[in-house]
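Asks: What follows is a single structure, and I will ask about it in a moment.
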Amino acid sequence: MGGTIGLNVKRKEAWAKVTGQAKYTDDFPTVGHYTARLLTSPYAHARIISIDKTDALSIKGVKAVITGEDYPNFCGPLLLDRPAIANQIARYAGEPVAMAIAVDEATAALAAAAVKVEYEVLPAVFTPQEAMKPAAPLVHENIGKYGHAAEDINPRPNSNISSYFPVRKGNMTEGWSNSQVTIEQEFFLPPSDHLAMEVRAARAEISKDGMVTITTSSQAPFEVRKQIAECFQVPAGNIRVLVPFVGGGFGGKAPVMQELLAYIASREVAGKPVRLVMDRKEDLTAAPSRAGLSARIKLGATKEGLLQAAELTFWLDNGAYTDIGPYMVKAIAADCTGPYRVDNLHCDAYGVYTNHTYATSCRSFSHESLTFCIERAMDLLAEKLAMDPLKLRMVNAITAGHYTPTQVLGTFSNLGNLPACISRLQEMTDWQEGPPVQITADTVRAKGMACFWKAATPPTNAPSGALITFNPDGSLNLNTGVVEMGSASQSHLAQMLADKLGISDDQVHVVLEVDTRLNPVHYKTVASITSYIAGRAVMRAAEDILAQLRKMGAEALSCFPEDIEIKQSRVYARQNPDIYIEFKDIVMGYKDVFGNSIGEPVVGRGTSMFKGLSNLNPKTGKGQSGPAWTVGAQAVEVEMDLRDYTYRIIHAYSVMDVGNLINPEGMSGSVRGGMSMGISMASRENFSYAKNGRGEMTTPSLRSYKALHIGEEPIYELDFVETPQLDAPYGMRSMSEHGIIGMPAALANALSKACGVAFNQLPLKPEDLWRTATGTGAVAEPMMAPDAAVAGAAAGDAAGADASAAAFAAGAGFAEGGIQ
Amino acid sequence: MMEYNEERCVIELQVNGLARQVMVRPADILLDVLRQELGLTGAKPGCKNGDCGACTVIMDGWPVKSCLVLAVEAVGHQIMTVEGLGASGGKTSSKSSSAGTSAGSSSGNADSGTGNGSGNGNGADSGYIDPVQAAFVQANAFQCGYCTSGFLMVCHALANQKPDAEEYEIESWLESNLCRCTSYQEVRQAVDIMLGRS
Amino acid sequence: MIPVNFAYCRPGTPEEAVQAYEGYEKAGKKTWYYGGGSEIISMARVGSITPEAVVDLKEIPACCELKEEGGHINMGGALSLRAIADSQCFPLLGKAVGRIADHTNQCRITLGGNLCGTIIYREAVLPLLLAEAQVSLQGPSGVRRLPLQEVFDGRMQLLPGEFILKVHVPKRYASMPYFHVKKAPTEKIDYPAVSLAAIIEKGRLRIAFAGICTYPFRSKEMEEALNDTGMTIEQRLNKAVELLPEEPADDAHCSRGYRQLLFENMVGQALMELSKASEAGAGA
């Protein structure tokens with residue numbers, strides 16, 4: 001081992017990114033390209049009566065105008081329910097209804113605006129609660145007839161239920177009878193956005209002999225190839241997908257959307273190169289968003305706080321199309337209890353169609369939402385038990401020997417060590433029981449915490465691969481199908497590879513762009529699985545190289561292959577380290593002093609595929625959906641002004657079991673970035689939709705959709721626990737997304753404590769807090785009939801308050817003022 | 001009086017110390033012209049509405065969002081993009097007294113308008129590393145890199161205009177830019193390194 | 001990318017600007033005077049305005065002037081908000097404009113542009129109303145100088161072809177004790193929910209607001225009530241709410257109820273500052 005593990009190696013592309021040299025999809029020359037622009041639906045749900053392209057086509061420089069009728073093919077990663085352009089029915093405001101292609105962007109924009117569409121507005125549904133009503137308008141009339149790309153999803157015909165995953169474990173009657181204390185509460189999280197700084201963009205070109213080249217800002221180049229092949233009946237081998245740098249993805253660039261549009265645009269203009277860049281409004285409204293979630297949580301515990309029963313229902317708002325939604329529902333089901341041992345469990349997880357912008361994976365695959373519900377419920381339970389919420393979590397923390405909701409036996413390898421995380425968090429935060437700390441007459445400080453766990457939920461056979469070639473100086477080139485979008489995954493792989501080969505990190509060059517013709521297949525750069533699944537492939541490729549070097553080295557040095565040592569870019573026999581061959585002299589094949597040719601150039605090859613995963617049993621949920629969990633405990637401290645409910649987040653803490661901290665600074669950056677996103681999402685982000693019959697998004701720009709700016713961030717304090725995951729390279733666990741997971745819940749717990757009011761929905765804007773605390777504003781409509789509701793531990797909290805209330809949300813930042 | 005009344009007109013822009021002639025529409029924004037006509041794609045179109053700061057360039061020493069500047073407005077002014085960082089071989093010396101009225105140049109002291117022999121004519125061939133670039137690398141102040149050019153330009157202007165900036169001033173300059181990947185703590189650290197404070 | 005085409009000119013004198021404006025208009029072109037350009041570019045980009053010609057005022061020396069003259073601080077209409085804030089010539093105005101948009105945008109947005117903008121907040125006007133500022137308006141028939149409040153009725157009432165050449169602030173107001181608070185919903189970089197500017201002149205509060213209603217205003221009646229020491233603080237606050245020129249705004253940005261809560265808290269703070277100032281004054 002070369003000793004690069006644990007070093008703060010800089011990301012490989014650092015200098016490209018501070019010089020403007022890093023090229024993203026739309027940074028390549030536009031000369032010779034046509035530009036496509038979209039026209040989108042202003043209505044959340046409408047029948048398209050007619051489309052008149054005449055005016056648009058009459059504009060000089062316009063090459064084509066495409067509508068849904070031209071390409072009625074359905075696409076999707078799991079359920080084939082979405083056409084590239086709305087055909088006959090528009091199901092969300094922002095959905096593309098036409099696309100104009102012209103010589104330049106200005107002309108294309110004028111043309112798109114000149115397309116005349118006549119609509120018949122249809123009744124729409126905006127929350128899972130509305131969508132689940134028996135007589136609710138159907139978002140899709142024929143979901144039973146859609147094709148499936150995955151076998152384990154089950155949309156329910158004649159309903160808005162797009163997927164369903166149950167979990168059943170133990171005996172509920174026994175569980176409730178053992179519970180001296182119960183709580184029941186509803187929770188609500190609105191949809192929001194990934195808000196990658198790079199908007200989605202794609203280019204397409206089709207040669208005369210049918211070769212398709214797509215350049216795109218995608219996390220899933222191989223999925224792009226697959227969907228274009230399947231959706232438009234193009235031989236997969238004719239498709240080449242290129243992904244340069246990606247300006248942030250967070251799951252939002254795993255769906256295939258702009259590529260389909262660019263492809264049909266090029267096809268419509270005889271294969272000429274076409275570029276399509278979504279503007280920020282389209283990126284927010286037309287392209288997939290983060291899913292909303294509604295939940296009803298009922299927990300029972302002994303008076304000592306040991307959980308005995310959990311009855312959990314989740315309704316994921318997947319918007320107008322499913323995309324990867326059914327697997328998010330599956331992930332919620334698999335991890336439904338949070339990281340706690342619950343032996344008696346009844347969980348129903350639904351994916352629900354609404355007339356929102358369709359949703360997709362977003363940093364942590366709905367775990368931040370699931371965790372919000374569970375961890376708020378844990379605080380409510382602690383309050384009712386009059387127990388320290390930290391202690392409640394500690395006594396229930398899942399650990400080796402316990403079974404997960406889907407009945408996987410926990411081990412330290414697959415679960416890590418949550419109790420250790422909680423203990424460390426307790427020390428770091430100087431956790432104290434008791435009331436909030438009074439700072440001034442009007443301000444208080446309070447802390448809130450949350451624990452989390454997350455396992456990836458990939459297809460059970462998701463693949464990856466690595467191909468390694470050498471340069472004449474002995475350095476090597478690492479090729480994988482991994483996309484560089486900020487997570488430094490490839491740099492981490494390089495670090496592992498360097499260590500494995502016993503060379504220094506700077507001898508590993510990483511091919512940062514992906515070309516589906518050159519790079520080995522990799523499922524998608526999602527779910528923080530890169531270090532695991534691509535890591536396994538890289539390790540196997542490294543073994544392949546070592547074997548080749550041993551064989552060649554043995555021949556060149558006249559020894560047995562098992563005598564060969566490979567260290568510091570040298571090959572030698574361990575019994576005689578004085579005589580060695582430098583990498584540069586052997587990796588391209590060896591020539592001895594007599595001119596004899598020995599061996600051949602070294603090429604390393606390694607592939608991998610998930611093993612041991614299974615579909616979940618459709619009745620009980622039993623099965624293993626992910627390889628291992630990453631656990632952690634997080635906290636925030638807030639200072640709140642009780643006069644107007646404004647607050648500052650003073651501190652944010654995180655302790656995560658990452659298995660092996662292979663790059664402390666880099667990995668800390670990922671965790672802090674996730675925490676920052678969680679704080680931003682929870683404190684200010686939500687999509688809201690007009691209640692005017694049209695249902696358009698009222699937050700379609702960065703002026704109305706607010707993300708955290710500098711100056712509003714807390715002081716971050718991090719620590720790590722290292723319990724190796726035995727089947728993962730270097731024991732390193734998935735960790736790229738996980739910083740976000742506990743933050744929304746920890747913030748809500750802190751604010752609830754500061755205020756003495758239970759805040760059970762997001763976002764936590766000051767105005768929303770004021771509304772809840774004073775009972776002002778829209779009255780909540782619960783998911784369930786009122787008689788089914790059981791009073792929660794905290795009085796006065798309105799469950800599942802009207803989503804649209806957030807549309808009118810406001811608050812106040814801390815403002816300066818002073819007399820001079 | 002400067003007038004551009006035709007649908008298309010040829011203008012001369014001073015970018016990274018070089019005079020560049022381009023054909024534009026008077027309605028073209030500087031960002032699009034830098035990216036598409038001059039190949040200077042370091043400035044990024046994150047929102048084209050002045051909200052994200054990813055397209056920030058330096059104009060006469062002050063940061064501006066190039067999505068909210070017409071290309072014709074830039075005629076007669078000195079523009080510096082991320083590609084020009086380091087081209088001048090050191091911290092720039094011209095210091096303007098106030099925004100919007102200064103004619104000082106932050107990059108005009110290098111490569112005075114005749115090409116710099118680098119082939120691409122985009123400056124930055126001296127191999128010199130600007131302190132802001134080194135600081136951002138050192139502090140890991142970026143991940144996906146898309147907002148980075150904008151932050152670098154704001155920080156570079158700050159270093160020149162207000163090297164003694166107080167914390168609140170630094171914050172107020174940097175509030176103009178959004179980063180979705182980092183926690184901002186890294187960006188603050190980079191600014192401290194750049195200003196020699198850590 | 002702005003899809004429509006327009007003509008652009010950059011005059012060097014106010015007269016040239018007016019001539020250019022009239023020339024374009026005579027040729028049938030819808031013409032806009034152009035300051036920092038933020039609003040015109042962003043609105044033209046989405047097609048909510050379709051200018052056919054713009055007249056850029058930023059390089060007219062008189063519009064970039066910043067100097068004291070005859071008891072007034074003269075500020076050119078094309079001065080950037082950042083230049084005004086950095087100059088410290090009128091600290092309250094500096095505070096107010098230093099909270100408009102963000103720092104980088106402040107380097108472009110002009111004083112005149114903010115006063116004439118279509119965005120309803122126009123926060124630069126608040127300190128100017130309090131300071132009894134005058135404006136010089138350049139138009140086809142020359143320059144007219146008059147009190148700002150005569151031409152500002154929630155928004156600038158300009159004659160066709162007119163633009164703000166200069167703003168004149170009586171110097172004595174620039175150095176009076178002041179108070180400024182802007183509260184935005186959640187995020188600091190945002191439009192205000194409520195923005196408050198106040199000056200204390202000889203123990204009397206002058207106060208102006210943006211955000212609370214659909215236009216910025218200064219209300220003499222409200223000032224009377226707030227300065228009425230015959231009433232308790234609470235009575236004065238209630239009276240202030242009563243005397244709002246219209247019901248608090250109620251929109252997607254911020255609800256009426258929460259705006260009112262902020263308004264009451266902020267005015268309460270201003271009254272506390274007033275009483276602190278008068279105590280300090282009495283002690284001196």
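By order of appearance in the structure tokens: chains A, B, ..., then residues from 1 within every chain, and ligands from 1 in the order shown.
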Mind checking which residues fall within 7 Å of segment 208-215 of chain C, counting only C-alpha atoms, ignoring those fewer than 6 positions away in the same chain, and posting them as a list in words?

Replies: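 Non-adjacent residues within range: Ile120, Tyr121, Glu123, Leu126, Leu130, Gly154, Pro192, Ala193, Val194, Ser195, Leu196, Ala197, Ala198, Glu246, Glu247, Pro248, Ala249 and Arg259 of chain C.
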
Asks: For the selection just defined, write its residues with C-alpha atoms to a file, as an mmCIF file, in the first residue's frame.

Replies:
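Writing done, so here's again_10.cif:
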data_model
loop_
_atom_site.group_PDB
_atom_site.id
_atom_site.type_symbol
_atom_site.label_atom_id
_atom_site.label_comp_id
_atom_site.auth_asym_id
_atom_site.auth_seq_id
_atom_site.Cartn_x
_atom_site.Cartn_y
_atom_site.Cartn_z
ATOM 1 C CA ILE C 120 -42.310 48.679 -6.495
ATOM 2 C CA TYR C 121 -39.826 49.188 -3.669
ATOM 3 C CA GLU C 123 -35.906 52.169 -1.564
ATOM 4 C CA LEU C 126 -36.949 56.924 1.412
ATOM 5 C CA LEU C 130 -36.992 62.493 4.599
ATOM 6 C CA GLY C 154 -45.467 56.454 -5.058
ATOM 7 C CA PRO C 192 -38.031 43.961 1.503
ATOM 8 C CA ALA C 193 -41.068 42.775 3.389
ATOM 9 C CA VAL C 194 -40.788 46.126 5.123
ATOM 10 C CA SER C 195 -38.081 48.741 4.780
ATOM 11 C CA LEU C 196 -37.942 51.686 7.164
ATOM 12 C CA ALA C 197 -35.836 54.822 7.053
ATOM 13 C CA ALA C 198 -35.969 57.509 9.701
ATOM 14 C CA GLU C 246 -53.430 51.648 2.237
ATOM 15 C CA GLU C 247 -53.794 48.213 3.776
ATOM 16 C CA PRO C 248 -50.462 46.415 4.096
ATOM 17 C CA ALA C 249 -49.551 44.622 0.900
ATOM 18 C CA ARG C 259 -45.920 42.498 7.136
#

Asks: At most 9 Å is the cut-off: for each residue in chain C with any atom that close to an atom of chain A, write down the nearest atom pair and the distance in Å rounded to one decimal, counting only C-alpha atoms, chain first then increasing number, as a tab-separated table.

Replies:
residue	atom	partner	partner_atom	distance
C:Met1	CA	A:Ala106	CA	6.7
C:Ile2	CA	A:Ala106	CA	6.7
C:Pro3	CA	A:Ala106	CA	4.2
C:Val4	CA	A:Ala106	CA	7.3
C:Ser175	CA	A:Gln820	CA	8.8
C:Met176	CA	A:Gln820	CA	7.9
C:Pro177	CA	A:Gln820	CA	5.0
C:Tyr178	CA	A:Ile819	CA	5.1
C:Phe179	CA	A:Ile819	CA	5.1
C:His180	CA	A:Gly817	CA	5.0
C:Val181	CA	A:Gly817	CA	5.1
C:Lys182	CA	A:Ala815	CA	5.8
C:Lys183	CA	A:Ala812	CA	4.9
C:Ala184	CA	A:Ala812	CA	4.8
C:Pro185	CA	A:Gly811	CA	3.8
C:Thr186	CA	A:Gly813	CA	4.9
C:Glu187	CA	A:Gly813	CA	5.7
C:Lys188	CA	A:Gly813	CA	5.4
C:Ile189	CA	A:His709	CA	7.8
C:Asp190	CA	A:Arg703	CA	7.1
C:Tyr191	CA	A:Arg703	CA	8.6
C:Pro192	CA	A:Ala812	CA	8.5
C:Ala193	CA	A:Ala812	CA	7.3
C:Val194	CA	A:Ala812	CA	8.8
C:Ile199	CA	A:Ile819	CA	8.9
C:Ile200	CA	A:Ile819	CA	8.9
C:Asp250	CA	A:Phe808	CA	8.2
C:Asp251	CA	A:Phe808	CA	6.4
C:Ala252	CA	A:Phe808	CA	4.4
C:His253	CA	A:Phe808	CA	6.1
C:Cys254	CA	A:Ala810	CA	4.6
C:Ser255	CA	A:Phe808	CA	5.7
C:Gly257	CA	A:Thr776	CA	8.3
C:Tyr258	CA	A:Glu767	CA	6.3
C:Arg259	CA	A:Ala810	CA	8.4
C:Leu261	CA	A:Asp644	CA	7.2
C:Leu262	CA	A:Asp644	CA	6.8
C:Asn265	CA	A:Arg643	CA	7.6
C:Glu273	CA	A:Ile819	CA	6.9
C:Leu274	CA	A:Ile819	CA	8.9
C:Ala277	CA	A:Ile819	CA	8.2

Asks: Could you please tell me, as number ranges by chain, which residues of chain B have an atom within 6 Å of chain C when using only C-alpha atoms?

Replies: B: 1-5, 27, 49, 63-64, 68, 98-100, 173, 176

Asks: Residues of chain A near chain B: apply a cut-off of 8 Å, count only C-alpha atoms, and supply the list as a ChimeraX atom specification.

Replies: /A:10,14-15,17-23,27,29-30,195-199,245-248,279-280,484-488,665-666,669-670,672-677,701-703,707-711,713,715-716

Asks: Can you pull out every residue within 7 Å of segment 436-439 of chain A, counting only C-alpha atoms, but drop anything in the same chain fewer than 6 positions away, and send it as a list in words?

Replies: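 Here the answer would be Arg445, Ala446, Lys753 and Ala754 of chain A.
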
Asks: Only C-alpha atoms, please: the residues just picked out, written as a PDB file, in the first residue's frame.

Replies:
ATOM      1  CA  ARG A 445     -30.950  29.780  21.977  1.00  0.00           C
ATOM      2  CA  ALA A 446     -31.810  26.129  21.563  1.00  0.00           C
ATOM      3  CA  LYS A 753     -37.687  23.800  21.288  1.00  0.00           C
ATOM      4  CA  ALA A 754     -36.815  27.485  21.070  1.00  0.00           C
TER       5      ALA A 754
END

Asks: So which residues of segment 440-584 of chain A fall under strand (DSSP E or B) by DSSP, listed as a PyMOL selection string?

Replies: chain A and resi 443-455+463-470+476-480+508-510+514-515+564-567+570-573+580-582

Asks: Applying 7 Å and only C-alpha atoms, which residues near Asp505 of chain A remain after dropping the ones on its own chain fewer than 5 positions away? List them as a PyMOL selection string.

Replies: chain A and resi 4+494-495+498

Asks: Mind checking which residues fall within 9 Å of Tyr572 of chain A, counting only C-alpha atoms, ignoring those fewer than 6 positions away in the same chain, and posting them as a list in words?

Replies: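 Surrounding residues, per the criterion: Arg550, Gly553, Ala554, Leu557, Asp563, Ile564, Glu565, Ile566, Asp578, Ile579, Tyr580, Ile581 and Glu582 of chain A.
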
Asks: Store the residues picked out above in a file with N, CA and C atoms, as an mmCIF file, in the first residue's frame.

Replies:
data_model
loop_
_atom_site.group_PDB
_atom_site.id
_atom_site.type_symbol
_atom_site.label_atom_id
_atom_site.label_comp_id
_atom_site.auth_asym_id
_atom_site.auth_seq_id
_atom_site.Cartn_x
_atom_site.Cartn_y
_atom_site.Cartn_z
ATOM 1 N N ARG A 550 3.541 -8.454 -12.161
ATOM 2 C CA ARG A 550 4.248 -9.565 -11.491
ATOM 3 C C ARG A 550 4.752 -10.569 -12.528
ATOM 4 N N GLY A 553 7.448 -8.862 -14.546
ATOM 5 C CA GLY A 553 8.583 -8.601 -13.667
ATOM 6 C C GLY A 553 9.341 -9.895 -13.376
ATOM 7 N N ALA A 554 8.582 -10.972 -13.153
ATOM 8 C CA ALA A 554 9.214 -12.257 -12.861
ATOM 9 C C ALA A 554 10.082 -12.695 -14.032
ATOM 10 N N LEU A 557 13.116 -10.205 -14.273
ATOM 11 C CA LEU A 557 14.046 -10.263 -13.147
ATOM 12 C C LEU A 557 14.422 -11.694 -12.793
ATOM 13 N N ASP A 563 7.251 -13.504 -5.900
ATOM 14 C CA ASP A 563 8.357 -12.776 -5.256
ATOM 15 C C ASP A 563 8.324 -11.284 -5.568
ATOM 16 N N ILE A 564 7.559 -10.948 -6.544
ATOM 17 C CA ILE A 564 7.593 -9.563 -7.029
ATOM 18 C C ILE A 564 6.916 -8.604 -6.060
ATOM 19 N N GLU A 565 7.608 -7.513 -5.775
ATOM 20 C CA GLU A 565 7.018 -6.408 -4.998
ATOM 21 C C GLU A 565 6.850 -5.223 -5.936
ATOM 22 N N ILE A 566 5.801 -4.477 -5.700
ATOM 23 C CA ILE A 566 5.553 -3.304 -6.542
ATOM 24 C C ILE A 566 5.318 -2.109 -5.625
ATOM 25 N N ASP A 578 17.564 -4.148 -4.597
ATOM 26 C CA ASP A 578 18.531 -3.279 -5.267
ATOM 27 C C ASP A 578 18.351 -3.266 -6.777
ATOM 28 N N ILE A 579 17.835 -4.377 -7.278
ATOM 29 C CA ILE A 579 17.638 -4.440 -8.727
ATOM 30 C C ILE A 579 16.144 -4.262 -8.999
ATOM 31 N N TYR A 580 15.826 -3.176 -9.642
ATOM 32 C CA TYR A 580 14.398 -2.897 -9.841
ATOM 33 C C TYR A 580 14.191 -2.337 -11.239
ATOM 34 N N ILE A 581 12.947 -2.401 -11.666
ATOM 35 C CA ILE A 581 12.573 -1.810 -12.960
ATOM 36 C C ILE A 581 11.586 -0.684 -12.681
ATOM 37 N N GLU A 582 11.898 0.490 -13.212
ATOM 38 C CA GLU A 582 10.968 1.617 -13.052
ATOM 39 C C GLU A 582 9.708 1.321 -13.870
#

Asks: Between atom CA of Asn178 of chain A and atom CA of Asn344 of chain A, what is the distance, to one decimal in Å?

Replies: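 Distance reported for this atom pair: 10.4 Å.
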